[in-house]
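With PDB, N, CA and C atoms inside, this is input_11.pdb:
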ATOM      1  N   MET A   1      54.627 -76.701 -17.810
ATOM      2  CA  MET A   1      55.834 -76.000 -17.464
ATOM      3  C   MET A   1      56.926 -76.384 -18.471
ATOM      4  N   ARG A   2      57.597 -75.414 -19.025
ATOM      5  CA  ARG A   2      58.614 -75.642 -20.044
ATOM      6  C   ARG A   2      59.973 -75.828 -19.386
ATOM      7  N   THR A   3      60.733 -76.820 -19.846
ATOM      8  CA  THR A   3      62.065 -77.067 -19.336
ATOM      9  C   THR A   3      63.074 -76.501 -20.325
ATOM     10  N   ASN A   4      64.046 -75.737 -19.830
ATOM     11  CA  ASN A   4      65.054 -75.123 -20.686
ATOM     12  C   ASN A   4      66.421 -75.731 -20.421
ATOM     13  N   TYR A   5      67.185 -75.976 -21.493
ATOM     14  CA  TYR A   5      68.516 -76.541 -21.391
ATOM     15  C   TYR A   5      69.487 -75.664 -22.166
ATOM     16  N   ASN A   6      70.757 -75.620 -21.723
ATOM     17  CA  ASN A   6      71.769 -74.894 -22.482
ATOM     18  C   ASN A   6      72.391 -75.835 -23.510
ATOM     19  N   LEU A   7      73.401 -75.366 -24.252
ATOM     20  CA  LEU A   7      74.011 -76.172 -25.310
ATOM     21  C   LEU A   7      74.706 -77.416 -24.766
ATOM     22  N   ALA A   8      75.157 -77.374 -23.521
ATOM     23  CA  ALA A   8      75.825 -78.531 -22.915
ATOM     24  C   ALA A   8      74.824 -79.558 -22.398
ATOM     25  N   GLY A   9      73.548 -79.238 -22.492
ATOM     26  CA  GLY A   9      72.521 -80.160 -22.022
ATOM     27  C   GLY A   9      72.166 -79.988 -20.563
ATOM     28  N   ASP A  10      72.725 -78.959 -19.916
ATOM     29  CA  ASP A  10      72.408 -78.705 -18.518
ATOM     30  C   ASP A  10      71.099 -77.940 -18.406
ATOM     31  N   LEU A  11      70.352 -78.257 -17.388
ATOM     32  CA  LEU A  11      69.101 -77.555 -17.126
ATOM     33  C   LEU A  11      69.407 -76.131 -16.708
ATOM     34  N   ILE A  12      68.735 -75.171 -17.307
ATOM     35  CA  ILE A  12      68.938 -73.758 -16.966
ATOM     36  C   ILE A  12      68.056 -73.422 -15.779
ATOM     37  N   PRO A  13      68.613 -72.786 -14.746
ATOM     38  CA  PRO A  13      67.799 -72.481 -13.566
ATOM     39  C   PRO A  13      66.707 -71.480 -13.868
ATOM     40  N   ASP A  14      65.641 -71.550 -13.072
ATOM     41  CA  ASP A  14      64.599 -70.540 -13.198
ATOM     42  C   ASP A  14      65.079 -69.259 -12.523
ATOM     43  N   GLN A  15      64.213 -68.277 -12.377
ATOM     44  CA  GLN A  15      64.629 -66.984 -11.844
ATOM     45  C   GLN A  15      65.208 -67.091 -10.437
ATOM     46  N   ARG A  16      64.776 -68.041  -9.656
ATOM     47  CA  ARG A  16      65.276 -68.189  -8.293
ATOM     48  C   ARG A  16      66.590 -68.951  -8.263
ATOM     49  N   GLY A  17      66.988 -69.560  -9.370
ATOM     50  CA  GLY A  17      68.266 -70.241  -9.439
ATOM     51  C   GLY A  17      68.218 -71.717  -9.110
ATOM     52  N   PHE A  18      67.120 -72.214  -8.582
ATOM     53  CA  PHE A  18      67.016 -73.628  -8.231
ATOM     54  C   PHE A  18      65.698 -74.153  -8.770
ATOM     55  N   ARG A  19      65.725 -75.379  -9.268
ATOM     56  CA  ARG A  19      64.547 -75.937  -9.922
ATOM     57  C   ARG A  19      64.242 -77.312  -9.348
ATOM     58  N   PHE A  20      62.997 -77.531  -8.999
ATOM     59  CA  PHE A  20      62.552 -78.816  -8.499
ATOM     60  C   PHE A  20      61.873 -79.576  -9.628
ATOM     61  N   VAL A  21      62.239 -80.848  -9.774
ATOM     62  CA  VAL A  21      61.712 -81.677 -10.852
ATOM     63  C   VAL A  21      61.193 -82.994 -10.277
ATOM     64  N   GLY A  22      60.372 -83.680 -11.060
ATOM     65  CA  GLY A  22      59.816 -84.965 -10.656
ATOM     66  C   GLY A  22      60.833 -86.088 -10.762
ATOM     67  N   LYS A  23      60.446 -87.263 -10.256
ATOM     68  CA  LYS A  23      61.393 -88.377 -10.198
ATOM     69  C   LYS A  23      61.819 -88.878 -11.572
ATOM     70  N   GLN A  24      60.911 -88.886 -12.532
ATOM     71  CA  GLN A  24      61.309 -89.380 -13.848
ATOM     72  C   GLN A  24      62.296 -88.419 -14.517
ATOM     73  N   GLU A  25      62.053 -87.116 -14.366
ATOM     74  CA  GLU A  25      62.956 -86.136 -14.972
ATOM     75  C   GLU A  25      64.333 -86.164 -14.314
ATOM     76  N   ILE A  26      64.385 -86.252 -12.975
ATOM     77  CA  ILE A  26      65.686 -86.295 -12.309
ATOM     78  C   ILE A  26      66.403 -87.603 -12.626
ATOM     79  N   ALA A  27      65.647 -88.683 -12.763
ATOM     80  CA  ALA A  27      66.257 -89.964 -13.143
ATOM     81  C   ALA A  27      66.861 -89.869 -14.546
ATOM     82  N   ASP A  28      66.128 -89.270 -15.466
ATOM     83  CA  ASP A  28      66.633 -89.112 -16.837
ATOM     84  C   ASP A  28      67.850 -88.193 -16.875
ATOM     85  N   LEU A  29      67.820 -87.118 -16.101
ATOM     86  CA  LEU A  29      68.906 -86.132 -16.128
ATOM     87  C   LEU A  29      70.173 -86.630 -15.446
ATOM     88  N   THR A  30      70.038 -87.487 -14.430
ATOM     89  CA  THR A  30      71.206 -87.945 -13.673
ATOM     90  C   THR A  30      71.658 -89.351 -14.032
ATOM     91  N   GLY A  31      70.765 -90.126 -14.637
ATOM     92  CA  GLY A  31      71.097 -91.517 -14.928
ATOM     93  C   GLY A  31      70.870 -92.448 -13.744
ATOM     94  N   LEU A  32      70.303 -91.937 -12.664
ATOM     95  CA  LEU A  32      69.990 -92.763 -11.500
ATOM     96  C   LEU A  32      68.609 -93.382 -11.678
ATOM     97  N   SER A  33      68.436 -94.572 -11.158
ATOM     98  CA  SER A  33      67.122 -95.210 -11.242
ATOM     99  C   SER A  33      66.176 -94.596 -10.220
ATOM    100  N   CYS A  34      64.891 -94.769 -10.445
ATOM    101  CA  CYS A  34      63.891 -94.271  -9.496
ATOM    102  C   CYS A  34      64.054 -94.961  -8.143
ATOM    103  N   GLU A  35      64.464 -96.221  -8.159
ATOM    104  CA  GLU A  35      64.693 -96.951  -6.905
ATOM    105  C   GLU A  35      65.882 -96.366  -6.141
ATOM    106  N   THR A  36      66.927 -95.968  -6.841
ATOM    107  CA  THR A  36      68.092 -95.340  -6.200
ATOM    108  C   THR A  36      67.701 -93.996  -5.595
ATOM    109  N   LEU A  37      66.890 -93.229  -6.326
ATOM    110  CA  LEU A  37      66.409 -91.956  -5.790
ATOM    111  C   LEU A  37      65.680 -92.174  -4.475
ATOM    112  N   LYS A  38      64.800 -93.161  -4.457
ATOM    113  CA  LYS A  38      64.030 -93.467  -3.256
ATOM    114  C   LYS A  38      64.949 -93.908  -2.117
ATOM    115  N   GLN A  39      65.941 -94.743  -2.428
ATOM    116  CA  GLN A  39      66.888 -95.225  -1.421
ATOM    117  C   GLN A  39      67.680 -94.062  -0.816
ATOM    118  N   TYR A  40      68.145 -93.140  -1.651
ATOM    119  CA  TYR A  40      68.904 -91.995  -1.150
ATOM    120  C   TYR A  40      68.030 -91.111  -0.256
ATOM    121  N   ARG A  41      66.746 -90.980  -0.584
ATOM    122  CA  ARG A  41      65.827 -90.210   0.257
ATOM    123  C   ARG A  41      65.604 -90.895   1.593
ATOM    124  N   LEU A  42      65.256 -92.175   1.545
ATOM    125  CA  LEU A  42      64.855 -92.891   2.755
ATOM    126  C   LEU A  42      66.014 -93.177   3.705
ATOM    127  N   THR A  43      67.223 -93.288   3.193
ATOM    128  CA  THR A  43      68.385 -93.551   4.053
ATOM    129  C   THR A  43      68.984 -92.264   4.617
ATOM    130  N   GLY A  44      68.466 -91.111   4.174
ATOM    131  CA  GLY A  44      68.977 -89.846   4.681
ATOM    132  C   GLY A  44      70.203 -89.333   3.964
ATOM    133  N   ARG A  45      70.583 -89.992   2.902
ATOM    134  CA  ARG A  45      71.725 -89.511   2.114
ATOM    135  C   ARG A  45      71.417 -88.133   1.540
ATOM    136  N   TRP A  46      70.155 -87.953   1.127
ATOM    137  CA  TRP A  46      69.674 -86.636   0.682
ATOM    138  C   TRP A  46      68.726 -86.107   1.738
ATOM    139  N   ILE A  47      68.824 -84.818   2.019
ATOM    140  CA  ILE A  47      68.099 -84.187   3.116
ATOM    141  C   ILE A  47      66.749 -83.648   2.639
ATOM    142  N   GLU A  48      65.684 -84.034   3.353
ATOM    143  CA  GLU A  48      64.354 -83.506   3.029
ATOM    144  C   GLU A  48      64.335 -82.002   3.285
ATOM    145  N   GLY A  49      63.748 -81.275   2.359
ATOM    146  CA  GLY A  49      63.698 -79.823   2.462
ATOM    147  C   GLY A  49      64.905 -79.152   1.825
ATOM    148  N   ILE A  50      65.927 -79.920   1.522
ATOM    149  CA  ILE A  50      67.127 -79.410   0.868
ATOM    150  C   ILE A  50      67.259 -80.051  -0.517
ATOM    151  N   HIS A  51      67.490 -81.353  -0.535
ATOM    152  CA  HIS A  51      67.657 -82.074  -1.793
ATOM    153  C   HIS A  51      66.317 -82.484  -2.410
ATOM    154  N   TRP A  52      65.319 -82.652  -1.582
ATOM    155  CA  TRP A  52      64.002 -83.057  -2.065
ATOM    156  C   TRP A  52      62.929 -82.528  -1.131
ATOM    157  N   ILE A  53      61.730 -82.398  -1.683
ATOM    158  CA  ILE A  53      60.581 -81.954  -0.899
ATOM    159  C   ILE A  53      59.404 -82.880  -1.181
ATOM    160  N   LYS A  54      58.556 -83.016  -0.203
ATOM    161  CA  LYS A  54      57.340 -83.814  -0.352
ATOM    162  C   LYS A  54      56.182 -82.838  -0.424
ATOM    163  N   LEU A  55      55.507 -82.800  -1.571
ATOM    164  CA  LEU A  55      54.381 -81.890  -1.740
ATOM    165  C   LEU A  55      53.107 -82.431  -1.104
ATOM    166  N   ASN A  56      52.950 -83.728  -1.164
ATOM    167  CA  ASN A  56      51.850 -84.415  -0.490
ATOM    168  C   ASN A  56      52.242 -85.875  -0.348
ATOM    169  N   SER A  57      51.325 -86.727   0.035
ATOM    170  CA  SER A  57      51.672 -88.131   0.296
ATOM    171  C   SER A  57      52.118 -88.891  -0.952
ATOM    172  N   ARG A  58      51.862 -88.341  -2.131
ATOM    173  CA  ARG A  58      52.203 -89.046  -3.364
ATOM    174  C   ARG A  58      53.191 -88.317  -4.261
ATOM    175  N   VAL A  59      53.522 -87.064  -3.968
ATOM    176  CA  VAL A  59      54.345 -86.271  -4.876
ATOM    177  C   VAL A  59      55.630 -85.806  -4.190
ATOM    178  N   VAL A  60      56.761 -86.205  -4.787
ATOM    179  CA  VAL A  60      58.083 -85.790  -4.319
ATOM    180  C   VAL A  60      58.750 -85.029  -5.457
ATOM    181  N   ARG A  61      59.426 -83.941  -5.121
ATOM    182  CA  ARG A  61      60.180 -83.159  -6.108
ATOM    183  C   ARG A  61      61.627 -83.066  -5.648
ATOM    184  N   TYR A  62      62.528 -83.097  -6.624
ATOM    185  CA  TYR A  62      63.964 -83.083  -6.353
ATOM    186  C   TYR A  62      64.579 -81.768  -6.800
ATOM    187  N   ASN A  63      65.487 -81.241  -5.985
ATOM    188  CA  ASN A  63      66.216 -80.024  -6.314
ATOM    189  C   ASN A  63      67.333 -80.410  -7.281
ATOM    190  N   PHE A  64      67.099 -80.167  -8.571
ATOM    191  CA  PHE A  64      68.022 -80.635  -9.598
ATOM    192  C   PHE A  64      69.448 -80.151  -9.362
ATOM    193  N   PHE A  65      69.626 -78.893  -9.064
ATOM    194  CA  PHE A  65      70.982 -78.346  -8.952
ATOM    195  C   PHE A  65      71.720 -78.895  -7.740
ATOM    196  N   LEU A  66      71.031 -79.096  -6.629
ATOM    197  CA  LEU A  66      71.697 -79.680  -5.468
ATOM    198  C   LEU A  66      71.987 -81.163  -5.669
ATOM    199  N   ILE A  67      71.103 -81.861  -6.350
ATOM    200  CA  ILE A  67      71.364 -83.276  -6.650
ATOM    201  C   ILE A  67      72.573 -83.373  -7.586
ATOM    202  N   LYS A  68      72.603 -82.536  -8.604
ATOM    203  CA  LYS A  68      73.742 -82.543  -9.533
ATOM    204  C   LYS A  68      75.040 -82.196  -8.798
ATOM    205  N   ASP A  69      74.978 -81.188  -7.921
ATOM    206  CA  ASP A  69      76.163 -80.823  -7.150
ATOM    207  C   ASP A  69      76.580 -81.962  -6.231
ATOM    208  N   TRP A  70      75.613 -82.618  -5.597
ATOM    209  CA  TRP A  70      75.920 -83.741  -4.712
ATOM    210  C   TRP A  70      76.608 -84.859  -5.496
ATOM    211  N   LEU A  71      76.108 -85.148  -6.697
ATOM    212  CA  LEU A  71      76.726 -86.199  -7.506
ATOM    213  C   LEU A  71      78.186 -85.878  -7.817
ATOM    214  N   GLN A  72      78.469 -84.612  -8.056
ATOM    215  CA  GLN A  72      79.833 -84.205  -8.384
ATOM    216  C   GLN A  72      80.718 -84.083  -7.150
ATOM    217  N   ASN A  73      80.137 -83.791  -5.988
ATOM    218  CA  ASN A  73      80.928 -83.476  -4.794
ATOM    219  C   ASN A  73      80.617 -84.341  -3.577
ATOM    220  N   HIS A  74      79.985 -85.499  -3.743
ATOM    221  CA  HIS A  74      79.609 -86.290  -2.565
ATOM    222  C   HIS A  74      80.820 -86.777  -1.772
ATOM    223  N   ASN A  75      81.994 -86.793  -2.389
ATOM    224  CA  ASN A  75      83.203 -87.172  -1.661
ATOM    225  C   ASN A  75      83.831 -85.999  -0.918
ATOM    226  N   ASN A  76      83.302 -84.798  -1.126
ATOM    227  CA  ASN A  76      83.817 -83.610  -0.453
ATOM    228  C   ASN A  76      82.630 -82.812   0.110
ATOM    229  N   PRO A  77      82.147 -83.187   1.285
ATOM    230  CA  PRO A  77      80.954 -82.557   1.848
ATOM    231  C   PRO A  77      81.087 -81.050   2.080
ATOM    232  N   GLN A  78      82.297 -80.565   2.320
ATOM    233  CA  GLN A  78      82.473 -79.129   2.555
ATOM    234  C   GLN A  78      82.123 -78.330   1.305
ATOM    235  N   ILE A  79      82.492 -78.820   0.153
ATOM    236  CA  ILE A  79      82.159 -78.122  -1.095
ATOM    237  C   ILE A  79      80.652 -78.176  -1.329
ATOM    238  N   HIS A  80      80.057 -79.334  -1.098
ATOM    239  CA  HIS A  80      78.609 -79.453  -1.292
ATOM    240  C   HIS A  80      77.857 -78.576  -0.301
ATOM    241  N   GLN A  81      78.380 -78.421   0.896
ATOM    242  CA  GLN A  81      77.737 -77.571   1.896
ATOM    243  C   GLN A  81      77.606 -76.140   1.396
ATOM    244  N   ARG A  82      78.575 -75.664   0.627
ATOM    245  CA  ARG A  82      78.481 -74.310   0.060
ATOM    246  C   ARG A  82      77.294 -74.180  -0.878
ATOM    247  N   ALA A  83      77.035 -75.224  -1.672
ATOM    248  CA  ALA A  83      75.873 -75.205  -2.569
ATOM    249  C   ALA A  83      74.583 -75.191  -1.757
ATOM    250  N   ILE A  84      74.544 -75.950  -0.665
ATOM    251  CA  ILE A  84      73.365 -75.969   0.203
ATOM    252  C   ILE A  84      73.140 -74.584   0.802
ATOM    253  N   GLU A  85      74.207 -73.956   1.266
ATOM    254  CA  GLU A  85      74.087 -72.620   1.850
ATOM    255  C   GLU A  85      73.608 -71.596   0.821
ATOM    256  N   ALA A  86      74.079 -71.719  -0.411
ATOM    257  CA  ALA A  86      73.618 -70.819  -1.476
ATOM    258  C   ALA A  86      72.128 -71.015  -1.713
ATOM    259  N   TYR A  87      71.681 -72.257  -1.711
ATOM    260  CA  TYR A  87      70.256 -72.537  -1.888
ATOM    261  C   TYR A  87      69.443 -71.920  -0.751
ATOM    262  N   LEU A  88      69.865 -72.172   0.491
ATOM    263  CA  LEU A  88      69.123 -71.661   1.636
ATOM    264  C   LEU A  88      69.074 -70.138   1.641
ATOM    265  N   SER A  89      70.165 -69.496   1.254
ATOM    266  CA  SER A  89      70.166 -68.025   1.239
ATOM    267  C   SER A  89      69.303 -67.467   0.119
ATOM    268  N   SER A  90      68.997 -68.282  -0.893
ATOM    269  CA  SER A  90      68.161 -67.812  -1.997
ATOM    270  C   SER A  90      66.668 -67.888  -1.689
ATOM    271  N   LEU A  91      66.302 -68.551  -0.608
ATOM    272  CA  LEU A  91      64.886 -68.695  -0.271
ATOM    273  C   LEU A  91      64.285 -67.352   0.125
ATOM    274  N   PRO A  92      63.057 -67.094  -0.280
ATOM    275  CA  PRO A  92      62.405 -65.830   0.080
ATOM    276  C   PRO A  92      62.349 -65.598   1.598
ATOM    277  N   SER A  93      62.255 -66.654   2.359
ATOM    278  CA  SER A  93      62.191 -66.502   3.819
ATOM    279  C   SER A  93      63.506 -66.006   4.401
ATOM    280  N   ASN A  94      64.581 -66.076   3.636
ATOM    281  CA  ASN A  94      65.881 -65.603   4.112
ATOM    282  C   ASN A  94      66.267 -64.239   3.554
ATOM    283  N   GLU A  95      65.387 -63.635   2.761
ATOM    284  CA  GLU A  95      65.690 -62.315   2.223
ATOM    285  C   GLU A  95      65.542 -61.277   3.319
ATOM    286  N   ARG A  96      66.375 -60.272   3.243
ATOM    287  CA  ARG A  96      66.294 -59.192   4.218
ATOM    288  C   ARG A  96      65.023 -58.389   3.984
ATOM    289  N   LYS A  97      64.404 -58.027   5.070
ATOM    290  CA  LYS A  97      63.212 -57.194   4.959
ATOM    291  C   LYS A  97      63.652 -55.749   4.769
ATOM    292  N   ARG A  98      62.949 -55.059   3.903
ATOM    293  CA  ARG A  98      63.256 -53.653   3.662
ATOM    294  C   ARG A  98      62.623 -52.811   4.753
ATOM    295  N   ARG A  99      63.406 -51.897   5.252
ATOM    296  CA  ARG A  99      62.885 -51.002   6.286
ATOM    297  C   ARG A  99      62.117 -49.879   5.636
ATOM    298  N   ARG A 100      61.013 -49.574   6.224
ATOM    299  CA  ARG A 100      60.214 -48.455   5.741
ATOM    300  C   ARG A 100      60.643 -47.201   6.472
ATOM    301  N   ILE A 101      60.666 -46.127   5.764
ATOM    302  CA  ILE A 101      60.964 -44.843   6.387
ATOM    303  C   ILE A 101      59.689 -44.369   7.051
ATOM    304  N   SER A 102      59.824 -44.005   8.308
ATOM    305  CA  SER A 102      58.622 -43.601   9.036
ATOM    306  C   SER A 102      58.069 -42.298   8.461
ATOM    307  N   SER A 103      56.788 -42.119   8.599
ATOM    308  CA  SER A 103      56.147 -40.913   8.079
ATOM    309  C   SER A 103      56.647 -39.667   8.800
ATOM    310  N   ASN A 104      57.041 -39.786  10.051
ATOM    311  CA  ASN A 104      57.576 -38.643  10.793
ATOM    312  C   ASN A 104      58.878 -38.153  10.149
ATOM    313  N   PHE A 105      59.714 -39.095   9.715
ATOM    314  CA  PHE A 105      60.959 -38.737   9.071
ATOM    315  C   PHE A 105      60.692 -37.985   7.756
ATOM    316  N   GLU A 106      59.731 -38.476   6.996
ATOM    317  CA  GLU A 106      59.410 -37.864   5.720
ATOM    318  C   GLU A 106      58.833 -36.443   5.908
ATOM    319  N   GLN A 107      58.071 -36.254   6.969
ATOM    320  CA  GLN A 107      57.461 -34.939   7.209
ATOM    321  C   GLN A 107      58.503 -33.906   7.609
ATOM    322  N   ARG A 108      59.561 -34.339   8.293
ATOM    323  CA  ARG A 108      60.581 -33.398   8.727
ATOM    324  C   ARG A 108      61.418 -32.881   7.571
ATOM    325  N   GLN A 109      61.434 -33.567   6.479
ATOM    326  CA  GLN A 109      62.312 -33.152   5.375
ATOM    327  C   GLN A 109      61.615 -32.330   4.349
TER     328      GLN A 109
END

Can you turn what I pasted into structure tokens?
Amino acid sequence: MRTNYNLAGDLIPDQRGFRFVGKQEIADLTGLSCETLKQYRLTGRWIEGIHWIKLNSRVVRYNFFLIKDWLQNHNNPQIHQRAIEAYLSSLPSNERKRRRISSNFEQRQ
């Protein structure tokens, strides 16, 4: 998987706008140690399913954009909550379902 960065060194989002990365990459991008990442996960500072996901018993992935936003806004939870809401609304499970036009309607026209 190729990682893309802009001129400022920020990670460019994928098509969905949010990117999950491994612990070494998030540590390198944020300057946090792997132990700090683990501490923030285990103490509940970062929310499972929002800031990080567990793929299996050995693999954890971090939501880079929400972690970056949290680092910038951890003193103002209301602002960070907006980023969380944007993430949740971007999930495919939250997309509106398209209504199909019934065949009866099409036949009448």

Query raised in the report: If the PyMOL selection byres (((chain A and resi 63 and name CA) around 12) and name CA) is run on the structure shown, which residues does it catch, given as a PyMOL selection string?
Result: chain A and resi 11+13-14+17-23+25-26+29-30+37+46-54+60-62+64-70+83-84+87-88

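We find atom N of Leu42 of chain A and atom C of Leu91 of chain A to be spaced 24.9 Å apart.
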
Query - Atom-to-atom span, atom CA of Arg45 of chain A and atom N of Leu32 of chain A, Å - result: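 Separating atom CA of Arg45 of chain A from atom N of Leu32 of chain A is a distance of 15.0 Å.
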
Query raised in the report: What is the distance between atom N of Val59 of chain A and atom CA of Gln81 of chain A, in Å to one decimal?
Result: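 Separation of atom N of Val59 of chain A and atom CA of Gln81 of chain A: 26.7 Å.
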
To test the calculation: enclose all listed atoms of segment 48-57 of chain A in a box whose edges run along x, y and z, add 6 Å on each side, then state centre and edge lengths in Å to one decimal, as lines of an AutoDock Vina configuration file.
center_x = 59.5
center_y = -84.0
center_z = 0.5
size_x = 28.3
size_y = 21.7
size_z = 17.8

Report task. Just list the residues in segment 9-100 of chain A DSSP gives alpha helix (DSSP H) on the backbone, as a ChimeraX atom specification. Result -> /A:23-30,34-42,64-73,77-90
